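These notes concern the structure reproduced below.
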Amino acid sequence: MISVRNIHQSTLITLALGLALGATLGREARAQSAALAAACNPASIPAGAGTPADFRARTMKLRGAAAAGGPSVTGDVDLPGLVAALREELDKSRSALSPAESQSIERQLGRIIDIGARKTPPDFDVRGRPAKPNANGSFVLFVGMPDSIMVFDGMPDAEKRAVCFSAIEARDVISDYMLPARAALASALNARVDRWNNFHQEGYSLFVPELLLNSWVNLGRPALEPPRNQIIFLHPSVGVEAPIPFKTGVMGSDAMLLEGLGFIHYNDDRTGFFGLSAGSVFGQNERPGVAIIAHYGQFGHLGYVFRSKSSTDDSRRNTLIFSVDLLKAINAVPGSWKAESDSANKALQGCVQHLSCSP
Amino acid sequence: MTRLLIVVHGMGSNPPGWSDSIVQKLDAVAARYSAFSKGAPFSKQCTIREVRYDNVFERYIEDWGAKATEFKKFQDDHEVQLPKLMQWLTSTTLPPEQQSFFWSTLMDPVLYRAFAVVRDEVRAIVMAQIVGHCAANMRAGSVQASILAHSLGTAVVHDTLQLLASKPQLGNDSFTAAAGWHFESLFMLADVCRLGPPKLLDFPDSGAGYLVRPRSAGTAGDLSSFYCNELYSFRHEFDPFVRWAPFLPANWGDDFGNPTPLKPICQANVHGFDHYLDNPVVHVPIINDVLGFSAISTKEALDAIANYPPSNPVMCSAQVSQLQSLVSQLPDAGQDLEQMAILGAQFFTTAKQLANDCKALGGDLGA
């Protein structure tokens, strides 16, 4: 059966028929669909020579490393070679096709080579409509095109296979040609997700008002990327406030820091940042102070707090405020220095004793 | 060729492996039909992969939740006037269960729509996972990929695909419509891709360059003019979220499946993923399209639809009527995200109560 026709017309007719006879199409239609599926549904095509799976196996050398399960290498797919192989395959079954079908497929195969020049590839979807009343009994190639091909159950099997196998093989070739670029995109997108993870794990947390503000004010953030520049706005945190000058180590008391406004800049992979902010400090038994705070990534922040003179006390009590993490780091320095010093002394003493005991 | 089904969750808590229950549900509904009652289950006849973005919301919510007391103290100490939304959260008049539900579930769409930083991270993560699943399965030949999304996931998928389809990502255009990539089917369950203030919907379906549409809405034979062969948008008559913003594009043609709103109520949570999947109007096209042929015959499908639901929960008819009445009387949330969240919390709380009432009567309206 010659079956090149305008698809819109046939769709309307079959739709009307299907809607009218939907309840009676039933199992017979399903049986027809199964027979067609053996030619046009890749999952139902039996294995053997001349199938799309066989063609794929025979042309694997042309398909590049990624298609063979290896690494993605851009440009290692032999597209002209694959198109030539597709034509050879079509030639083998050309006698089963009508001239119109043959020309239609040939025309679209000729367009595959253009994807090397970044043009939109031809459409080789083999379309069925399984869930609608008119679903069974037909598959369509080149949907909506003037030279679309409808594959009916009544077509000779060789013709069905020639049409559908050509389309399935062509689609597979296009997929393999695009695979290195698509695998590369998957890697690049994962790297972007890593930047987001770094932003959360290594960055400065965002409270609701900051999230709103940083959403409204773009600050040059590319689409879907984590912020490169971040505004600090009404950011509360708990720190340790220490009077200066230091006397014996860093002794301090808890204080609440409310950063009013500030700015942070991240590195490329969002693993580190630095910035500056201004805010207020609310210490225990102290008047509120005004602070200038410097931020440096995971080291935390360090601020200088200015307090006005009280009416009863003429002294100005300026202080430093640390993030808890930074304070730990600072306090750890003398301890580690002492430990290293002790260790060195012991080693030296051991050495001296050893020397003095030697003959 | 690999037949790939990517499932995308909606709002609420969705830990890794969340899709196991959805896969089980798909297998269970497929087993109602002759092709699956004896043969391999549906999930063994295709490749199913999940997308998870709930961790984005979790990170913020957990961080803020841990500091909630400090936040309240901060508010009290400094008399900062908070937005209406935060006043509602810190109000003692709200039952604790609703507060918890708000934070774990209803805050998700608010964060997604209102905060561009959160929205972009969600899109970046979902895009990476969708592309990753497709690319990973392409090594064995071409892939016919479909996406099954629910609730907030419909909005996330819609927006993400528009970005992926319309322009190169990180300088790579291999997944754009112009490069010929397109999905087989998009199944949008409880489709809320239009829910939210219009100002915050950045991809209107009437806009230039809009591509998340089915083949019949594009230009015939031009792969660069659409991004899926078929698109289904399912909604339930008594799902409040969908009622507020039904997705009704004009003139999308035969490849747009937009059945009349579903009516049967088999679960008090009519918005639930598995409640939608249970209905044959929804699961038949999913199963048939993913497998690429009529695994479920036309006759079986029509019979299943005619006889659904299989058993009428007569003993809980009062609860069902109450639920229908509640949803019918819910005010239109309009464009107000806060109002949607608050009304949504009321709906879920009432639905849960009605399910418990039904259970006490020996019936079953879900958990």
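FYI, nothing fancy with the structure tokens labels: chains A, B, ... in order, residues from 1 per chain, ligands from 1 as they appear.
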Quick one: pick out all strand (DSSP E) residues within region 182-233 of chain B from a backbone DSSP run and write them as an mmCIF file with C-alpha atoms, in the first residue's frame.
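Below is the file states-v5.cif, written as the result:
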```
data_model
loop_
_atom_site.group_PDB
_atom_site.id
_atom_site.type_symbol
_atom_site.label_atom_id
_atom_site.label_comp_id
_atom_site.auth_asym_id
_atom_site.auth_seq_id
_atom_site.Cartn_x
_atom_site.Cartn_y
_atom_site.Cartn_z
ATOM 1 C CA PHE B 183 11.444 15.179 24.886
ATOM 2 C CA GLU B 184 8.885 12.569 23.979
ATOM 3 C CA SER B 185 6.171 13.529 26.494
ATOM 4 C CA LEU B 186 5.772 15.876 29.416
ATOM 5 C CA PHE B 187 3.200 14.744 31.952
ATOM 6 C CA MET B 188 2.221 17.569 34.280
ATOM 7 C CA LEU B 189 0.144 16.304 37.225
ATOM 8 C CA CYS B 228 8.216 17.805 23.369
ATOM 9 C CA ASN B 229 6.178 15.589 21.120
ATOM 10 C CA GLU B 230 3.250 15.554 23.530
ATOM 11 C CA LEU B 231 2.364 17.559 26.597
ATOM 12 C CA TYR B 232 -0.308 16.530 29.101
ATOM 13 C CA SER B 233 -1.675 18.854 31.748
#
```
### Query
Near Asn267 (chain A), counting only C-alpha atoms, which residues have an atom at most 9 Å away, once you skip same-chain residues fewer than 6 positions from it, shown as a list in words?
Arg228, Phe273 and Phe274 of chain A
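Using only C-alpha atoms, the smallest distance between any of B:Thr349, B:Ser297, B:Ser13, B:Gln162 and chain A comes from B:Ser297.
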Sorted per-residue table, chain B near chain A, closest atoms and distance, 7 Å, only C-alpha atoms, as JSON lines:
```
{"residue": "B:Met1", "atom": "CA", "partner": "A:Pro42", "partner_atom": "CA", "distance": 6.3}
{"residue": "B:Phe115", "atom": "CA", "partner": "A:Ser215", "partner_atom": "CA", "distance": 5.5}
{"residue": "B:Ala116", "atom": "CA", "partner": "A:Ser215", "partner_atom": "CA", "distance": 4.7}
{"residue": "B:Val117", "atom": "CA", "partner": "A:Ser215", "partner_atom": "CA", "distance": 5.3}
{"residue": "B:Asp120", "atom": "CA", "partner": "A:Leu224", "partner_atom": "CA", "distance": 4.5}
{"residue": "B:Glu121", "atom": "CA", "partner": "A:Leu224", "partner_atom": "CA", "distance": 6.1}
{"residue": "B:Arg123", "atom": "CA", "partner": "A:Leu224", "partner_atom": "CA", "distance": 6.9}
{"residue": "B:Ala124", "atom": "CA", "partner": "A:Leu224", "partner_atom": "CA", "distance": 5.5}
{"residue": "B:Ile125", "atom": "CA", "partner": "A:Val193", "partner_atom": "CA", "distance": 6.0}
{"residue": "B:Ala128", "atom": "CA", "partner": "A:Leu189", "partner_atom": "CA", "distance": 5.0}
{"residue": "B:Val131", "atom": "CA", "partner": "A:Ala186", "partner_atom": "CA", "distance": 5.7}
{"residue": "B:Gly132", "atom": "CA", "partner": "A:Ala186", "partner_atom": "CA", "distance": 5.1}
{"residue": "B:Ala135", "atom": "CA", "partner": "A:Ala183", "partner_atom": "CA", "distance": 5.5}
{"residue": "B:Met138", "atom": "CA", "partner": "A:Leu179", "partner_atom": "CA", "distance": 6.8}
{"residue": "B:Arg139", "atom": "CA", "partner": "A:Ala67", "partner_atom": "CA", "distance": 4.8}
{"residue": "B:Ala140", "atom": "CA", "partner": "A:Ala67", "partner_atom": "CA", "distance": 6.6}
{"residue": "B:Gly141", "atom": "CA", "partner": "A:Asp172", "partner_atom": "CA", "distance": 5.7}
{"residue": "B:Ser142", "atom": "CA", "partner": "A:Asp172", "partner_atom": "CA", "distance": 4.9}
{"residue": "B:Asn172", "atom": "CA", "partner": "A:Leu185", "partner_atom": "CA", "distance": 6.2}
{"residue": "B:Ser174", "atom": "CA", "partner": "A:Arg182", "partner_atom": "CA", "distance": 5.6}
{"residue": "B:Phe175", "atom": "CA", "partner": "A:Arg182", "partner_atom": "CA", "distance": 6.8}
{"residue": "B:Ala178", "atom": "CA", "partner": "A:Thr120", "partner_atom": "CA", "distance": 5.2}
{"residue": "B:Ala179", "atom": "CA", "partner": "A:Thr120", "partner_atom": "CA", "distance": 4.9}
{"residue": "B:Gly180", "atom": "CA", "partner": "A:Thr120", "partner_atom": "CA", "distance": 5.4}
{"residue": "B:Ala220", "atom": "CA", "partner": "A:Gly144", "partner_atom": "CA", "distance": 4.7}
{"residue": "B:Gly221", "atom": "CA", "partner": "A:Met145", "partner_atom": "CA", "distance": 5.5}
{"residue": "B:Leu223", "atom": "CA", "partner": "A:Asp123", "partner_atom": "CA", "distance": 6.5}
{"residue": "B:Ser224", "atom": "CA", "partner": "A:Thr120", "partner_atom": "CA", "distance": 6.7}
{"residue": "B:Val284", "atom": "CA", "partner": "A:Ala131", "partner_atom": "CA", "distance": 6.6}
{"residue": "B:Pro285", "atom": "CA", "partner": "A:Ala131", "partner_atom": "CA", "distance": 5.0}
{"residue": "B:Asn288", "atom": "CA", "partner": "A:Pro130", "partner_atom": "CA", "distance": 5.8}
{"residue": "B:Asp289", "atom": "CA", "partner": "A:Pro130", "partner_atom": "CA", "distance": 6.5}
{"residue": "B:Gly292", "atom": "CA", "partner": "A:Asn41", "partner_atom": "CA", "distance": 6.7}
{"residue": "B:Phe293", "atom": "CA", "partner": "A:Pro130", "partner_atom": "CA", "distance": 5.2}
{"residue": "B:Ser294", "atom": "CA", "partner": "A:Pro130", "partner_atom": "CA", "distance": 4.5}
{"residue": "B:Ser297", "atom": "CA", "partner": "A:Arg30", "partner_atom": "CA", "distance": 5.6}
{"residue": "B:Thr298", "atom": "CA", "partner": "A:Gly26", "partner_atom": "CA", "distance": 5.5}
{"residue": "B:Lys299", "atom": "CA", "partner": "A:Gly26", "partner_atom": "CA", "distance": 4.3}
{"residue": "B:Leu302", "atom": "CA", "partner": "A:Ala23", "partner_atom": "CA", "distance": 6.8}
```
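Near Val126 (chain B), within 8 Å and counting only C-alpha atoms, sit Val51, Arg52, Tyr53, Val122, Ile130, Val156, Val157 and Thr160 of chain B, not including residues fewer than 4 positions from it in the same chain.
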#### Entry: alpha helix (DSSP H) call set, DSSP backbone run, region 33-222 of chain A, as number ranges by chain
A: 33-40, 52-58, 64-67, 79-93, 99-112, 157-202, 208-216
The selected residues should be written to file as an mmCIF file, in the first residue's frame (atoms: C-alpha atoms).
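So selection-v2.cif came out as:
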```
data_model
loop_
_atom_site.group_PDB
_atom_site.id
_atom_site.type_symbol
_atom_site.label_atom_id
_atom_site.label_comp_id
_atom_site.auth_asym_id
_atom_site.auth_seq_id
_atom_site.Cartn_x
_atom_site.Cartn_y
_atom_site.Cartn_z
ATOM 1 C CA SER A 33 -0.473 -2.366 16.805
ATOM 2 C CA ALA A 34 1.690 -5.248 18.021
ATOM 3 C CA ALA A 35 2.395 -6.305 14.441
ATOM 4 C CA LEU A 36 3.404 -2.786 13.518
ATOM 5 C CA ALA A 37 5.463 -2.474 16.653
ATOM 6 C CA ALA A 38 7.720 -5.274 15.417
ATOM 7 C CA ALA A 39 8.757 -2.925 12.616
ATOM 8 C CA CYS A 40 8.483 0.519 14.159
ATOM 9 C CA PRO A 52 18.753 -1.067 13.639
ATOM 10 C CA ALA A 53 20.666 -2.852 16.413
ATOM 11 C CA ASP A 54 22.645 -4.791 13.811
ATOM 12 C CA PHE A 55 23.371 -1.600 11.857
ATOM 13 C CA ARG A 56 24.579 0.061 15.025
ATOM 14 C CA ALA A 57 26.921 -2.817 15.799
ATOM 15 C CA ARG A 58 28.319 -2.802 12.262
ATOM 16 C CA GLY A 64 33.285 7.693 18.426
ATOM 17 C CA ALA A 65 34.577 6.619 21.807
ATOM 18 C CA ALA A 66 31.579 7.738 23.894
ATOM 19 C CA ALA A 67 29.118 5.565 21.978
ATOM 20 C CA LEU A 79 29.407 11.845 10.465
ATOM 21 C CA PRO A 80 30.029 11.621 6.671
ATOM 22 C CA GLY A 81 30.935 7.961 7.099
ATOM 23 C CA LEU A 82 27.774 7.297 9.071
ATOM 24 C CA VAL A 83 25.566 9.080 6.546
ATOM 25 C CA ALA A 84 27.159 7.021 3.761
ATOM 26 C CA ALA A 85 26.462 3.883 5.780
ATOM 27 C CA LEU A 86 22.841 4.957 6.241
ATOM 28 C CA ARG A 87 22.473 5.398 2.479
ATOM 29 C CA GLU A 88 24.012 1.988 1.829
ATOM 30 C CA GLU A 89 21.547 0.478 4.262
ATOM 31 C CA LEU A 90 18.657 2.262 2.571
ATOM 32 C CA ASP A 91 19.835 1.003 -0.817
ATOM 33 C CA LYS A 92 19.486 -2.574 0.408
ATOM 34 C CA SER A 93 15.789 -2.094 1.081
ATOM 35 C CA PRO A 99 9.609 6.125 -5.272
ATOM 36 C CA ALA A 100 7.888 8.787 -3.174
ATOM 37 C CA GLU A 101 8.875 7.120 0.091
ATOM 38 C CA SER A 102 12.402 6.593 -1.174
ATOM 39 C CA GLN A 103 12.805 10.244 -2.178
ATOM 40 C CA SER A 104 11.303 11.462 1.068
ATOM 41 C CA ILE A 105 13.734 9.467 3.208
ATOM 42 C CA GLU A 106 16.655 10.300 0.928
ATOM 43 C CA ARG A 107 15.915 14.017 1.219
ATOM 44 C CA GLN A 108 15.985 13.925 5.019
ATOM 45 C CA LEU A 109 19.113 11.755 5.132
ATOM 46 C CA GLY A 110 20.832 14.424 3.072
ATOM 47 C CA ARG A 111 20.108 16.972 5.776
ATOM 48 C CA ILE A 112 21.882 14.996 8.518
ATOM 49 C CA ASP A 157 6.447 -6.127 6.180
ATOM 50 C CA ALA A 158 9.499 -5.277 4.064
ATOM 51 C CA GLU A 159 8.089 -1.811 3.369
ATOM 52 C CA LYS A 160 7.232 -1.216 7.014
ATOM 53 C CA ARG A 161 10.712 -2.215 8.053
ATOM 54 C CA ALA A 162 12.394 -0.163 5.337
ATOM 55 C CA VAL A 163 10.615 3.009 6.421
ATOM 56 C CA CYS A 164 10.844 2.570 10.174
ATOM 57 C CA PHE A 165 14.322 1.032 10.325
ATOM 58 C CA SER A 166 15.722 3.913 8.242
ATOM 59 C CA ALA A 167 14.218 6.431 10.634
ATOM 60 C CA ILE A 168 15.363 4.626 13.783
ATOM 61 C CA GLU A 169 18.895 4.250 12.419
ATOM 62 C CA ALA A 170 19.075 7.883 11.338
ATOM 63 C CA ARG A 171 17.894 9.067 14.733
ATOM 64 C CA ASP A 172 20.524 6.880 16.374
ATOM 65 C CA VAL A 173 23.266 8.362 14.195
ATOM 66 C CA ILE A 174 22.214 11.903 15.105
ATOM 67 C CA SER A 175 22.169 10.965 18.789
ATOM 68 C CA ASP A 176 25.677 9.536 18.651
ATOM 69 C CA TYR A 177 26.987 12.573 16.779
ATOM 70 C CA MET A 178 25.577 14.847 19.481
ATOM 71 C CA LEU A 179 26.688 12.640 22.385
ATOM 72 C CA PRO A 180 30.117 14.213 23.106
ATOM 73 C CA ALA A 181 28.613 17.703 23.269
ATOM 74 C CA ARG A 182 25.713 16.530 25.422
ATOM 75 C CA ALA A 183 28.004 14.639 27.784
ATOM 76 C CA ALA A 184 30.172 17.765 28.013
ATOM 77 C CA LEU A 185 27.119 19.824 28.933
ATOM 78 C CA ALA A 186 26.177 17.316 31.641
ATOM 79 C CA SER A 187 29.665 17.741 33.152
ATOM 80 C CA ALA A 188 29.506 21.528 32.936
ATOM 81 C CA LEU A 189 26.094 21.629 34.606
ATOM 82 C CA ASN A 190 27.346 19.389 37.399
ATOM 83 C CA ALA A 191 30.246 21.782 37.917
ATOM 84 C CA ARG A 192 27.705 24.598 38.298
ATOM 85 C CA VAL A 193 25.857 22.568 40.920
ATOM 86 C CA ASP A 194 29.198 22.154 42.704
ATOM 87 C CA ARG A 195 29.548 25.940 42.751
ATOM 88 C CA TRP A 196 26.126 26.172 44.411
ATOM 89 C CA ASN A 197 27.156 23.570 46.969
ATOM 90 C CA ASN A 198 30.331 25.534 47.693
ATOM 91 C CA PHE A 199 28.272 28.699 48.004
ATOM 92 C CA HIS A 200 26.214 27.098 50.761
ATOM 93 C CA GLN A 201 29.000 25.239 52.505
ATOM 94 C CA GLU A 202 31.751 27.836 52.301
ATOM 95 C CA VAL A 208 15.202 36.085 54.639
ATOM 96 C CA PRO A 209 15.701 39.851 54.100
ATOM 97 C CA GLU A 210 19.093 39.197 52.516
ATOM 98 C CA LEU A 211 17.693 36.496 50.291
ATOM 99 C CA LEU A 212 15.028 38.909 49.111
ATOM 100 C CA LEU A 213 17.478 41.746 48.549
ATOM 101 C CA ASN A 214 20.021 39.585 46.760
ATOM 102 C CA SER A 215 17.221 38.240 44.595
ATOM 103 C CA TRP A 216 16.043 41.719 43.671
#
```
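Separating CA of Leu343 (chain B) from CA of Ala114 (chain B) is a distance of 17.5 Å.
When only C-alpha atoms are used to compute distances to Lys309 (chain A), the closest of the residues A:Pro288, A:Gly75, A:Phe322, A:Tyr296 turns out to be A:Pro288.
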### Message
List as a PyMOL selection string the protein and nucleic acid residues near Ser280 (chain A), meaning an atom at most 8 Å away when only C-alpha atoms are counted, but skip any in the same chain fewer than 4 places from it.
### Response
chain A and resi 257-260+288-291
